[in-house]
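Structure below is final_33.txt: compact mmCIF, C-alpha atoms (C1' of nucleotides).
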# COMPACT_ATOMS: atom_id res chain seq x y z
CA MET A 25 89.84 133.06 17.93
CA ASN A 26 89.69 132.51 21.67
CA LYS A 27 88.73 135.07 24.17
CA VAL A 28 91.61 137.02 25.55
CA GLN A 29 92.89 135.36 28.66
CA ALA A 30 92.78 137.43 31.78
CA SER A 31 96.36 138.14 32.69
CA ASP A 32 95.80 137.41 36.38
CA ARG A 33 94.40 133.94 36.37
CA THR A 34 95.73 133.06 39.79
CA SER A 35 92.69 131.07 40.88
CA LYS A 36 90.89 128.67 38.61
CA ALA A 37 88.47 125.87 39.27
CA GLY A 38 89.11 122.43 37.95
CA ARG A 39 91.67 119.68 38.00
CA LYS A 40 95.27 120.82 38.08
CA ARG A 41 97.81 119.93 35.46
CA SER A 42 99.45 116.62 36.23
CA GLU A 43 103.14 117.17 36.90
CA GLN A 44 103.61 113.44 36.69
CA SER A 45 102.23 113.29 33.15
CA ARG A 46 104.43 116.21 32.14
CA ASP A 47 107.55 114.46 33.37
CA ALA A 48 106.54 111.19 31.74
CA ILE A 49 106.02 112.96 28.41
CA LEU A 50 109.36 114.76 28.48
CA SER A 51 111.21 111.63 29.53
CA ALA A 52 109.56 109.49 26.89
CA ALA A 53 110.23 112.09 24.22
CA PHE A 54 113.91 112.28 25.06
CA ALA A 55 114.27 108.53 25.28
CA LEU A 56 112.49 107.86 22.00
CA PHE A 57 114.54 110.55 20.28
CA THR A 58 117.86 109.09 21.38
CA GLU A 59 116.68 105.69 20.23
CA SER A 60 115.48 106.49 16.76
CA GLY A 61 115.88 110.18 15.96
CA LEU A 62 113.48 112.98 15.20
CA ARG A 63 112.06 111.47 12.02
CA ALA A 64 110.81 108.38 13.75
CA LEU A 65 109.50 110.36 16.70
CA THR A 66 105.73 110.88 16.63
CA ILE A 67 103.25 112.44 18.98
CA GLU A 68 101.40 109.15 19.12
CA GLY A 69 104.60 107.37 20.00
CA ILE A 70 105.36 109.79 22.81
CA ALA A 71 101.82 109.44 24.15
CA ALA A 72 102.05 105.67 24.10
CA GLY A 73 105.51 105.67 25.66
CA ALA A 74 104.41 108.00 28.42
CA GLY A 75 101.12 106.23 29.06
CA VAL A 76 99.23 109.37 28.24
CA GLY A 77 96.48 110.47 25.89
CA LYS A 78 97.43 112.33 22.75
CA GLN A 79 95.24 115.22 23.77
CA THR A 80 97.33 115.73 26.90
CA ILE A 81 100.32 116.47 24.69
CA TYR A 82 98.45 118.62 22.20
CA ARG A 83 97.00 120.62 25.05
CA TRP A 84 100.38 121.84 26.27
CA TRP A 85 102.72 121.72 23.28
CA PRO A 86 102.19 122.74 19.66
CA SER A 87 104.60 120.20 18.17
CA LYS A 88 107.05 117.47 19.02
CA ALA A 89 109.90 119.95 18.60
CA HIS A 90 108.46 122.11 21.35
CA VAL A 91 108.31 119.05 23.59
CA LEU A 92 111.93 118.21 22.89
CA MET A 93 113.05 121.77 23.46
CA GLU A 94 111.55 121.61 26.92
CA ALA A 95 112.99 118.13 27.46
CA VAL A 96 116.55 119.19 26.67
CA THR A 97 116.59 121.66 29.51
CA LEU A 98 115.93 118.77 31.89
CA ASN A 99 118.59 116.47 30.49
CA ALA A 100 121.38 119.00 30.09
CA GLU A 101 122.72 121.74 32.25
CA LEU A 102 122.60 124.48 29.66
CA VAL A 103 123.25 127.31 32.04
CA VAL A 104 126.63 128.79 31.28
CA SER A 105 128.12 130.90 34.01
CA THR A 106 128.72 134.55 33.31
CA ALA A 107 130.58 135.08 36.57
CA ASP A 108 133.38 137.63 36.73
CA HIS A 109 136.76 135.94 36.41
CA GLY A 110 138.69 139.17 36.66
CA SER A 111 139.45 139.74 32.99
CA TYR A 112 137.71 139.59 29.62
CA ASP A 113 140.17 136.93 28.56
CA GLU A 114 139.34 134.68 31.49
CA ASP A 115 135.61 135.30 31.22
CA LEU A 116 135.57 134.32 27.57
CA ARG A 117 137.76 131.29 28.15
CA ALA A 118 135.41 130.08 30.87
CA PHE A 119 132.35 130.69 28.72
CA LEU A 120 133.82 128.67 25.86
CA THR A 121 134.95 125.83 28.07
CA GLU A 122 131.58 125.54 29.75
CA SER A 123 129.76 125.73 26.44
CA PHE A 124 131.88 122.93 25.04
CA ASP A 125 131.17 120.86 28.12
CA VAL A 126 127.45 120.97 27.43
CA GLY A 127 128.02 118.73 24.44
CA ARG A 128 129.53 116.06 26.66
CA THR A 129 126.18 114.78 27.93
CA PRO A 130 125.26 111.88 25.64
CA GLY A 131 122.50 112.64 23.21
CA VAL A 132 122.43 116.36 23.85
CA VAL A 133 124.44 117.35 20.78
CA GLU A 134 122.25 115.22 18.56
CA LEU A 135 119.15 116.75 20.09
CA LEU A 136 120.38 120.32 19.72
CA ALA A 137 121.26 119.64 16.10
CA ALA A 138 117.81 118.23 15.45
CA LEU A 139 116.16 121.24 17.09
CA MET A 140 118.19 123.69 15.03
CA GLY A 141 117.26 121.66 11.98
CA GLU A 142 113.58 121.66 12.81
CA ALA A 143 113.79 125.41 13.41
CA GLN A 144 114.72 125.81 9.74
CA VAL A 145 111.83 123.74 8.46
CA ASP A 146 109.03 124.61 10.88
CA ALA A 147 108.69 128.39 10.85
CA GLU A 148 106.53 128.57 13.96
CA PHE A 149 108.95 126.53 16.02
CA GLY A 150 111.86 128.44 14.51
CA GLU A 151 110.48 131.64 15.94
CA VAL A 152 110.26 130.14 19.42
CA PHE A 153 113.65 128.47 19.22
CA ARG A 154 115.37 131.66 18.12
CA GLU A 155 113.54 133.89 20.55
CA GLN A 156 113.83 131.70 23.60
CA PHE A 157 116.78 129.39 23.21
CA LEU A 158 119.31 131.15 20.98
CA LYS A 159 118.55 134.62 22.27
CA SER A 160 119.14 133.71 25.90
CA ARG A 161 122.52 132.22 25.04
CA ARG A 162 123.49 135.38 23.20
CA GLU A 163 122.42 137.51 26.12
CA ALA A 164 124.63 135.48 28.44
CA LEU A 165 127.61 136.17 26.24
CA ALA A 166 126.60 139.82 26.02
CA VAL A 167 127.05 140.11 29.77
CA ILE A 168 130.70 139.18 29.37
CA VAL A 169 131.23 141.49 26.42
CA ASP A 170 129.58 144.43 28.16
CA ARG A 171 131.70 143.93 31.23
CA ALA A 172 134.81 143.89 29.07
CA ARG A 173 133.78 147.13 27.39
CA SER A 174 133.11 148.91 30.67
CA ARG A 175 136.49 147.70 31.85
CA GLY A 176 138.12 148.99 28.70
CA ASP A 177 139.27 145.44 27.99
CA PHE A 178 137.55 145.12 24.65
CA PRO A 179 139.62 145.28 21.46
CA ARG A 180 139.31 148.53 19.58
CA ASP A 181 138.72 147.35 16.03
CA LEU A 182 136.09 144.72 16.78
CA ARG A 183 132.35 145.23 16.97
CA PRO A 184 130.73 143.73 20.06
CA GLU A 185 128.10 142.05 17.90
CA THR A 186 130.76 140.09 16.09
CA VAL A 187 131.76 138.14 19.18
CA PRO A 188 128.59 136.04 19.42
CA ASP A 189 128.69 135.48 15.67
CA VAL A 190 132.12 133.91 15.97
CA VAL A 191 131.57 132.06 19.24
CA PHE A 192 128.21 130.52 18.45
CA GLY A 193 129.06 130.24 14.78
CA VAL A 194 131.98 127.94 15.44
CA ILE A 195 130.10 125.93 18.05
CA TRP A 196 127.04 125.38 15.88
CA TYR A 197 129.05 124.67 12.76
CA ARG A 198 130.86 121.93 14.61
CA VAL A 199 127.56 120.50 15.78
CA LEU A 200 125.70 120.78 12.49
CA ALA A 201 128.35 120.29 9.83
CA THR A 202 131.40 118.40 11.01
CA ARG A 203 130.10 116.82 14.22
CA THR A 204 133.59 116.95 15.69
CA PRO A 205 133.80 117.78 19.39
CA PRO A 206 135.86 120.91 20.07
CA ASP A 207 139.10 120.66 22.03
CA GLU A 208 141.02 122.92 24.37
CA ARG A 209 143.22 124.41 21.69
CA LEU A 210 140.14 125.81 20.02
CA VAL A 211 139.39 127.68 23.21
CA ASP A 212 142.85 129.23 23.06
CA GLU A 213 142.54 130.18 19.41
CA LEU A 214 139.10 131.74 19.77
CA THR A 215 139.96 133.73 22.88
CA ARG A 216 143.07 135.04 21.17
CA MET A 217 141.09 136.09 18.10
CA LEU A 218 138.40 137.83 20.10
CA THR A 219 140.56 139.57 22.68
CA SER A 220 143.31 141.07 20.53
CA MET B 23 118.18 95.23 -2.66
CA ASN B 24 118.95 95.90 -6.29
CA LYS B 25 121.59 94.23 -8.30
CA VAL B 26 124.90 95.99 -8.34
CA GLN B 27 125.09 98.30 -11.30
CA ALA B 28 127.89 97.61 -13.74
CA SER B 29 130.31 100.49 -13.45
CA ASP B 30 130.82 100.79 -17.19
CA ARG B 31 127.29 101.20 -18.44
CA THR B 32 128.25 103.31 -21.43
CA SER B 33 125.77 101.70 -23.77
CA LYS B 34 122.29 100.72 -22.77
CA ALA B 35 119.24 99.88 -24.76
CA GLY B 36 115.99 101.68 -24.11
CA ARG B 37 114.57 105.14 -23.83
CA LYS B 38 116.93 107.85 -22.67
CA ARG B 39 116.32 109.90 -19.59
CA SER B 40 114.26 112.95 -20.43
CA GLU B 41 116.33 116.06 -19.84
CA GLN B 42 113.15 118.07 -20.23
CA SER B 43 111.47 116.26 -17.37
CA ARG B 44 114.54 116.74 -15.20
CA ASP B 45 114.54 120.48 -15.77
CA ALA B 46 110.79 120.71 -15.19
CA ILE B 47 111.15 118.84 -11.89
CA LEU B 48 113.99 121.00 -10.62
CA SER B 49 112.24 124.21 -11.65
CA ALA B 50 108.95 123.18 -10.11
CA ALA B 51 110.68 122.13 -6.90
CA PHE B 52 112.46 125.45 -6.55
CA ALA B 53 109.36 127.45 -7.40
CA LEU B 54 107.13 125.57 -5.00
CA PHE B 55 109.72 125.88 -2.25
CA THR B 56 110.00 129.63 -2.57
CA GLU B 57 106.22 129.87 -2.54
CA SER B 58 105.44 127.82 0.52
CA GLY B 59 108.60 126.41 2.09
CA LEU B 60 109.92 122.93 2.65
CA ARG B 61 107.11 121.76 4.91
CA ALA B 62 104.44 122.30 2.29
CA LEU B 63 106.59 120.82 -0.45
CA THR B 64 105.67 117.26 -1.40
CA ILE B 65 106.86 114.86 -4.02
CA GLU B 66 103.34 114.64 -5.34
CA GLY B 67 103.18 118.41 -5.54
CA ILE B 68 106.43 118.60 -7.47
CA ALA B 69 105.23 115.91 -9.85
CA ALA B 70 101.98 117.74 -10.46
CA GLY B 71 103.73 121.08 -10.90
CA ALA B 72 106.21 119.63 -13.34
CA GLY B 73 103.62 117.66 -15.29
CA VAL B 74 105.41 114.45 -14.46
CA GLY B 75 104.63 111.13 -12.86
CA LYS B 76 105.69 110.49 -9.30
CA GLN B 77 107.69 107.51 -10.43
CA THR B 78 109.89 109.72 -12.56
CA ILE B 79 110.98 111.57 -9.45
CA TYR B 80 111.37 108.54 -7.24
CA ARG B 81 113.48 106.91 -9.94
CA TRP B 82 116.17 109.59 -9.83
CA TRP B 83 116.05 111.15 -6.37
CA PRO B 84 115.69 109.55 -2.93
CA SER B 85 113.88 112.50 -1.35
CA LYS B 86 112.64 116.01 -1.94
CA ALA B 87 115.74 117.37 -0.22
CA HIS B 88 117.94 115.69 -2.80
CA VAL B 89 115.89 117.30 -5.54
CA LEU B 90 116.27 120.73 -3.95
CA MET B 91 119.99 120.27 -3.46
CA GLU B 92 120.33 119.67 -7.16
CA ALA B 93 118.00 122.57 -7.91
CA VAL B 94 119.99 125.07 -5.88
CA THR B 95 123.05 124.56 -8.03
CA LEU B 96 121.02 125.71 -11.02
CA ASN B 97 119.54 128.79 -9.38
CA ALA B 98 122.65 130.09 -7.64
CA GLU B 99 126.21 130.50 -8.69
CA LEU B 100 127.78 128.77 -5.75
CA VAL B 101 131.27 128.57 -7.17
CA VAL B 102 133.57 130.73 -5.13
CA SER B 103 136.81 131.64 -6.79
CA THR B 104 140.05 130.46 -5.22
CA ALA B 105 142.22 132.48 -7.57
CA ASP B 106 145.54 133.86 -6.36
CA HIS B 107 145.19 137.49 -5.37
CA GLY B 108 148.80 137.83 -4.35
CA SER B 109 148.45 137.51 -0.59
CA TYR B 110 146.66 135.38 1.97
CA ASP B 111 144.90 138.49 3.20
CA GLU B 112 143.51 139.35 -0.22
CA ASP B 113 142.60 135.74 -1.00
CA LEU B 114 140.60 135.42 2.20
CA ARG B 115 138.93 138.77 1.74
CA ALA B 116 137.82 137.80 -1.76
CA PHE B 117 136.57 134.43 -0.58
CA LEU B 118 134.46 136.00 2.13
CA THR B 119 133.07 138.70 -0.15
CA GLU B 120 132.09 136.22 -2.81
CA SER B 121 130.57 133.86 -0.25
CA PHE B 122 128.45 136.67 1.14
CA ASP B 123 127.33 137.57 -2.36
CA VAL B 124 125.85 134.12 -2.83
CA GLY B 125 123.16 135.02 -0.34
CA ARG B 126 122.07 137.93 -2.46
CA THR B 127 120.13 135.81 -4.94
CA PRO B 128 116.53 135.83 -3.70
CA GLY B 129 115.41 132.59 -2.12
CA VAL B 130 118.84 131.01 -2.02
CA VAL B 131 119.50 131.72 1.64
CA GLU B 132 116.13 130.30 2.61
CA LEU B 133 116.80 127.21 0.55
CA LEU B 134 120.27 126.66 1.98
CA ALA B 135 118.89 127.04 5.49
CA ALA B 136 116.19 124.50 4.76
CA LEU B 137 118.71 122.05 3.33
CA MET B 138 120.98 122.37 6.34
CA GLY B 139 117.91 121.85 8.49
CA GLU B 140 116.82 118.77 6.63
CA ALA B 141 120.37 117.44 6.88
CA GLN B 142 119.94 117.36 10.65
CA VAL B 143 116.66 115.49 10.55
CA ASP B 144 117.15 113.12 7.62
CA ALA B 145 120.32 111.14 8.30
CA GLU B 146 120.63 109.79 4.79
CA PHE B 147 120.37 113.20 3.21
CA GLY B 148 122.66 114.63 5.87
CA GLU B 149 125.39 112.30 4.73
CA VAL B 150 125.05 113.42 1.14
CA PHE B 151 124.78 117.11 2.02
CA ARG B 152 127.88 117.00 4.21
CA GLU B 153 129.90 114.90 1.80
CA GLN B 154 129.01 116.72 -1.37
CA PHE B 155 128.00 120.26 -0.54
CA LEU B 156 129.78 121.24 2.67
CA LYS B 157 132.94 119.30 1.91
CA SER B 158 133.47 120.96 -1.46
CA ARG B 159 133.14 124.40 0.10
CA ARG B 160 135.70 123.50 2.73
CA GLU B 161 138.07 122.20 0.10
CA ALA B 162 137.84 125.49 -1.77
CA LEU B 163 138.88 127.37 1.35
CA ALA B 164 141.62 124.83 1.96
CA VAL B 165 143.21 125.87 -1.34
CA ILE B 166 143.60 129.38 -0.02
CA VAL B 167 144.92 128.24 3.34
CA ASP B 168 147.42 125.85 1.78
CA ARG B 169 148.71 128.54 -0.52
CA ALA B 170 149.16 130.85 2.45
CA ARG B 171 151.11 128.20 4.33
CA SER B 172 153.42 127.48 1.43
CA ARG B 173 154.00 131.22 1.13
CA GLY B 174 154.75 131.47 4.84
CA ASP B 175 151.84 133.87 5.14
CA PHE B 176 149.90 131.84 7.64
CA PRO B 177 149.80 132.95 11.30
CA ARG B 178 151.96 130.90 13.61
CA ASP B 179 149.59 130.21 16.48
CA LEU B 180 146.57 129.17 14.47
CA ARG B 181 145.68 125.71 13.24
CA PRO B 182 144.74 125.57 9.55
CA GLU B 183 141.61 123.58 10.42
CA THR B 184 140.31 126.40 12.53
CA VAL B 185 139.94 128.77 9.58
CA PRO B 186 136.99 126.94 7.97
CA ASP B 187 135.38 126.53 11.38
CA VAL B 188 135.36 130.30 11.84
CA VAL B 189 134.54 131.26 8.26
CA PHE B 190 131.71 128.84 7.65
CA GLY B 191 130.66 128.98 11.26
CA VAL B 192 129.90 132.67 11.09
CA ILE B 193 128.26 132.42 7.69
CA TRP B 194 125.99 129.57 8.65
CA TYR B 195 125.14 131.02 12.05
CA ARG B 196 123.98 134.17 10.33
CA VAL B 197 121.86 132.14 7.95
CA LEU B 198 120.41 129.75 10.48
CA ALA B 199 120.13 131.75 13.67
CA THR B 200 119.96 135.48 13.14
CA ARG B 201 119.06 135.68 9.46
CA THR B 202 120.94 138.97 9.17
CA PRO B 203 122.89 139.51 5.97
CA PRO B 204 126.60 140.09 6.59
CA ASP B 205 128.20 143.42 5.74
CA GLU B 206 131.61 144.55 4.61
CA ARG B 207 132.92 145.31 8.06
CA LEU B 208 132.46 141.67 8.96
CA VAL B 209 134.83 140.82 6.13
CA ASP B 210 137.42 143.14 7.64
CA GLU B 211 137.01 141.73 11.12
CA LEU B 212 137.22 138.10 10.04
CA THR B 213 140.24 138.60 7.81
CA ARG B 214 142.01 140.42 10.61
CA MET B 215 141.26 137.61 13.05
CA LEU B 216 142.40 134.88 10.72
CA THR B 217 145.53 136.51 9.34
CA SER B 218 147.18 137.84 12.48
C1' DC C 9 112.23 94.89 -35.91
C1' DT C 10 112.67 93.88 -31.25
C1' DA C 11 114.03 94.03 -26.62
C1' DT C 12 114.63 97.37 -23.22
C1' DT C 13 113.91 101.40 -20.63
C1' DT C 14 111.55 105.59 -19.38
C1' DC C 15 107.55 108.10 -19.63
C1' DG C 16 102.78 110.00 -17.50
C1' DA C 17 99.02 108.47 -14.92
C1' DA C 18 96.54 106.11 -11.69
C1' DC C 19 95.68 102.92 -7.85
C1' DC C 20 96.69 100.91 -3.47
C1' DG C 21 97.67 99.97 1.98
C1' DT C 22 100.00 102.20 5.79
C1' DA C 23 101.08 105.72 9.09
C1' DC C 24 100.50 109.77 11.41
C1' DC C 25 98.24 114.10 11.94
C1' DG C 26 95.09 117.05 14.47
C1' DT C 27 90.34 117.22 16.20
C1' DC C 28 86.85 115.43 18.77
C1' DT C 29 84.25 112.63 22.11
C1' DC C 30 83.72 109.94 26.19
C1' DG C 31 83.52 108.81 31.13
C1' DA C 32 86.43 109.26 35.19
C1' DA C 33 89.10 111.90 38.41
C1' DA C 34 90.56 116.04 40.63
C1' DT C 35 89.95 120.74 42.21
C1' DG C 36 87.91 125.36 43.71
C1' DC C 37 83.89 127.70 45.20
C1' DA C 38 79.48 128.37 47.31
C1' DT D 15 78.52 118.78 51.03
C1' DG D 16 77.25 119.49 46.39
C1' DC D 17 78.30 121.64 41.85
C1' DA D 18 80.76 123.62 38.11
C1' DT D 19 85.06 123.41 35.92
C1' DT D 20 89.18 121.49 34.17
C1' DT D 21 92.35 117.80 33.09
C1' DC D 22 92.97 113.12 32.70
C1' DG D 23 93.60 108.45 29.66
C1' DA D 24 91.77 106.26 25.84
C1' DG D 25 90.32 105.93 21.47
C1' DA D 26 87.43 106.99 17.11
C1' DC D 27 87.41 109.90 13.14
C1' DG D 28 88.46 112.08 8.53
C1' DG D 29 92.27 113.92 6.09
C1' DT D 30 96.78 113.78 3.97
C1' DA D 31 101.08 112.24 2.27
C1' DC D 32 103.87 108.46 1.77
C1' DG D 33 106.13 104.96 -1.03
C1' DG D 34 105.43 101.08 -3.71
C1' DT D 35 103.04 99.03 -7.74
C1' DT D 36 100.79 98.50 -12.21
C1' DC D 37 99.43 100.01 -16.73
C1' DG D 38 99.86 101.19 -21.71
C1' DA D 39 102.40 104.42 -24.58
C1' DA D 40 106.65 106.37 -26.30
C1' DA D 41 111.47 106.38 -27.27
C1' DT D 42 115.84 104.23 -28.25
C1' DA D 43 119.88 101.01 -29.19
C1' DG D 44 121.33 96.94 -31.30
Before anything else, please render the file you have as structure tokens.
Amino acid sequence: MNKVQASDRTSKAGRKRSEQSRDAILSAAFALFTESGLRALTIEGIAAGAGVGKQTIYRWWPSKAHVLMEAVTLNAELVVSTADHGSYDEDLRAFLTESFDVGRTPGVVELLAALMGEAQVDAEFGEVFREQFLKSRREALAVIVDRARSRGDFPRDLRPETVPDVVFGVIWYRVLATRTPPDERLVDELTRMLTS
Amino acid sequence: MNKVQASDRTSKAGRKRSEQSRDAILSAAFALFTESGLRALTIEGIAAGAGVGKQTIYRWWPSKAHVLMEAVTLNAELVVSTADHGSYDEDLRAFLTESFDVGRTPGVVELLAALMGEAQVDAEFGEVFREQFLKSRREALAVIVDRARSRGDFPRDLRPETVPDVVFGVIWYRVLATRTPPDERLVDELTRMLTS
DNA sequence: CTATTTCGAACCGTACCGTCTCGAAATGCA
DNA sequence: TGCATTTCGAGACGGTACGGTTCGAAATAG
């Protein structure tokens, strides 16, 4: 085991991390993935494509899935607004519409599906993916739900925890199972279910 | 490429396929998976565990995921009843309850999650998994929905296609993302959403 | 009996993994 | 201005699993 890192390591001697190499790695990873998929993607391939030594990748990321997870945040605007639209109904409708729009960027749906898949097979990455990616999305939705509850807008016979289950459940099932892009009517149906 | 197989190959000379080897392979695959997960599972390991040559596995299955998909049907009763309970509400409630019960068999949830994961990464297996496994589950639910529509039980402002999206969406999201077993209240909430 | 097929077992070349080493380049500190 | 430290690109290394092949033995249908 390594020594415990001092928590305040503000100043350190030595060469700084190359931001250029980082960008090249993330770009190459995303490009190679969209070309041939996760199976064909290898660390060696990323290193070669980025003009970088393998060690430079292994130094900063534990696996190719971790690299891709960082790459997706550069290639897709994943931030979904939780702004106040005046009512729970409008907030939820906006959240759903924006979430659906994320899948419009080419290659992003395929990448998200692959990451969720890898999260099932690689336990270590699964932990990170759940704790960082999925959790933050749930917390965004929780903002909307909490606001609705404090407004007294929230339906009586519905648990707050059920909302994310339905919202993200439908989204992910579409991505993973049917691969059919959601339409506007689905927004209507879901908001009606979750607001009444 | 192989020659096209004659579709009526009722009689064939030669040794018959060993049913004993098939069972040993499926059992070993399931056992090794529950021990160490999909990552650690290898064709060579299955062959060794089953006391079988590698060729015997490669002859009948394209990948370890295909083996596991066949193994899961032996270790879990996946058949969900679509019997008529008198009303759409009761049919749906029974379907959900039985579906949740499937996850009670130890190891089955983990295996299903791994298969869904592999389906995202291995395109060829994904095709089979979607077309055989997921499709049949959707068709079972479609029986219930169709019966409700012919009875006039089905809610007016809801598309029939949305029901499986919500039902399987929530189930799979629980399995893949939160790993929390569903409870009875979730049955109530979902049936209320999808029947009114 | 005989042709055919599957069986267990073993043997390959290939590909990628993850670790390690090397000399060069960059950076902070004295 | 030196010196220690860290990262850099590049590649060598042993290990592992793949997937395809070959072998003789066993089983089976005609």
Nearby residues (only C-alpha atoms (C1' of nucleotides)) at most 8 Å from Lys78 of chain A, same-chain spacing under 4 positions excluded, as an NGL selection string: :A and (67-68 or 71 or 82)
Could you please select, counting only C-alpha atoms (C1' of nucleotides), the residues of chain C within 7 Å of chain B and state them as a CSV table (one decimal) with C-alpha atoms (C1' of nucleotides), in the coordinates of the input?
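Result file selection.csv:
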chain,number,residue,atom,x,y,z
C,12,DT,C1',114.6,97.4,-23.2
C,13,DT,C1',113.9,101.4,-20.6
C,14,DT,C1',111.6,105.6,-19.4
C,16,DG,C1',102.8,110.0,-17.5
C,17,DA,C1',99.0,108.5,-14.9
Expected answer as a PyMOL selection string: chain D residues within 6 Å of chain A, all atoms listed in the file: chain D and resi 19-21+23
Expected residue set, 8 Å radius at (100.0, 108.4, 8.2), all atoms listed in the file, as a list in words: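 These residues have at least one counted atom within 8 Å: DT22, DA23, DC24 and DC25 of chain C; DT30, DA31 and DC32 of chain D.
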Atomic distance atom C1' of DG28 of chain D - atom CA of Arg61 of chain B, expressed in Å with one decimal: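 It comes out at 21.3 Å.
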Counting only C-alpha atoms, the option among A:Val145, A:Asp177, A:Phe124, A:Ala118 closest to Leu63 of chain B: A:Val145
Contact residues around DC19 of chain C with all atoms listed in the file at 12 Å, ignoring same-chain residues under 5 positions, as a list in words: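 Those residues are DG34, DT35, DT36 and DC37 of chain D.
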Residue hits in chain A, query chain B, radius 7 Å, all atoms listed in the file, as a PDB file with C-alpha atoms, in the frame of the given file:
ATOM      1  CA  LEU A  62     113.480 112.980  15.200  1.00  0.00           C
ATOM      2  CA  ARG A  63     112.060 111.470  12.020  1.00  0.00           C
ATOM      3  CA  ALA A 137     121.260 119.640  16.100  1.00  0.00           C
ATOM      4  CA  ALA A 138     117.810 118.230  15.450  1.00  0.00           C
ATOM      5  CA  MET A 140     118.190 123.690  15.030  1.00  0.00           C
ATOM      6  CA  GLY A 141     117.260 121.660  11.980  1.00  0.00           C
ATOM      7  CA  GLU A 142     113.580 121.660  12.810  1.00  0.00           C
ATOM      8  CA  GLN A 144     114.720 125.810   9.740  1.00  0.00           C
ATOM      9  CA  VAL A 145     111.830 123.740   8.460  1.00  0.00           C
ATOM     10  CA  ASP A 146     109.030 124.610  10.880  1.00  0.00           C
ATOM     11  CA  ARG A 154     115.370 131.660  18.120  1.00  0.00           C
ATOM     12  CA  LEU A 182     136.090 144.720  16.780  1.00  0.00           C
ATOM     13  CA  ASP A 189     128.690 135.480  15.670  1.00  0.00           C
ATOM     14  CA  VAL A 190     132.120 133.910  15.970  1.00  0.00           C
ATOM     15  CA  GLY A 193     129.060 130.240  14.780  1.00  0.00           C
ATOM     16  CA  VAL A 194     131.980 127.940  15.440  1.00  0.00           C
ATOM     17  CA  TRP A 196     127.040 125.380  15.880  1.00  0.00           C
ATOM     18  CA  TYR A 197     129.050 124.670  12.760  1.00  0.00           C
ATOM     19  CA  LEU A 200     125.700 120.780  12.490  1.00  0.00           C
ATOM     20  CA  ALA A 201     128.350 120.290   9.830  1.00  0.00           C
ATOM     21  CA  GLU A 213     142.540 130.180  19.410  1.00  0.00           C
ATOM     22  CA  MET A 217     141.090 136.090  18.100  1.00  0.00           C
TER      23      MET A 217
END
Selected residue of minimal separation from Ile79 of chain B among D:DG16, D:DG33, D:DG44, D:DG38, counting all atoms listed in the file: D:DG33
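Around Arg128 of chain A, within 12 Å and counting only C-alpha atoms (C1' of nucleotides), the residues found are Asn99, Ala100, Glu101, Leu102, Thr121, Glu122, Ser123, Phe124, Val132, Val133, Glu134, Val199, Thr204, Pro205, Pro206 and Asp207 of chain A, once anything fewer than 4 positions away on its own chain is removed.
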Which residues are near Ala46 of chain B? Cut-off 8 Å, all atoms listed in the file, ignore same chain within fewer than 4 positions. Put them as a short mmCIF file (atom, residue, chain, number, x, y, z; two decimals) with C-alpha atoms, keeping the file's coordinate frame.
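To be explicit, this is the file written out as out_13.cif:
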data_model
loop_
_atom_site.label_atom_id
_atom_site.label_comp_id
_atom_site.auth_asym_id
_atom_site.auth_seq_id
_atom_site.Cartn_x
_atom_site.Cartn_y
_atom_site.Cartn_z
CA GLN B 42 113.15 118.07 -20.23
CA ALA B 50 108.95 123.18 -10.11
CA ALA B 72 106.21 119.63 -13.34
CA GLY B 73 103.62 117.66 -15.29
#
Atomic separation - atom CA of Asp45 of chain B relative to atom CA of Val89 of chain B, Å: 10.8 Å
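Interatomic distance, atom CA of Glu112 of chain B against atom CA of Glu206 of chain B: 13.9 Å.
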Return segment 134-141 of chain A, completed with N, CA and C atoms, as a PDB file, keeping the file's coordinate frame.
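Result written to selection.pdb:
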ATOM      1  N   GLU A 134     123.160 115.697  19.604  1.00  0.00           N
ATOM      2  CA  GLU A 134     122.250 115.220  18.560  1.00  0.00           C
ATOM      3  C   GLU A 134     120.901 115.932  18.680  1.00  0.00           C
ATOM      4  N   LEU A 135     120.448 116.111  19.892  1.00  0.00           N
ATOM      5  CA  LEU A 135     119.150 116.750  20.090  1.00  0.00           C
ATOM      6  C   LEU A 135     119.201 118.229  19.701  1.00  0.00           C
ATOM      7  N   LEU A 136     120.249 118.913  20.083  1.00  0.00           N
ATOM      8  CA  LEU A 136     120.380 120.320  19.720  1.00  0.00           C
ATOM      9  C   LEU A 136     120.450 120.478  18.201  1.00  0.00           C
ATOM     10  N   ALA A 137     121.177 119.586  17.562  1.00  0.00           N
ATOM     11  CA  ALA A 137     121.260 119.640  16.100  1.00  0.00           C
ATOM     12  C   ALA A 137     119.888 119.451  15.479  1.00  0.00           C
ATOM     13  N   ALA A 138     119.146 118.495  15.993  1.00  0.00           N
ATOM     14  CA  ALA A 138     117.810 118.230  15.450  1.00  0.00           C
ATOM     15  C   ALA A 138     116.895 119.433  15.666  1.00  0.00           C
ATOM     16  N   LEU A 139     117.011 120.086  16.813  1.00  0.00           N
ATOM     17  CA  LEU A 139     116.160 121.240  17.090  1.00  0.00           C
ATOM     18  C   LEU A 139     116.507 122.394  16.149  1.00  0.00           C
ATOM     19  N   MET A 140     117.800 122.645  15.972  1.00  0.00           N
ATOM     20  CA  MET A 140     118.190 123.690  15.030  1.00  0.00           C
ATOM     21  C   MET A 140     117.707 123.346  13.621  1.00  0.00           C
ATOM     22  N   GLY A 141     117.757 122.081  13.280  1.00  0.00           N
ATOM     23  CA  GLY A 141     117.260 121.660  11.980  1.00  0.00           C
ATOM     24  C   GLY A 141     115.772 121.896  11.844  1.00  0.00           C
TER      25      GLY A 141
END
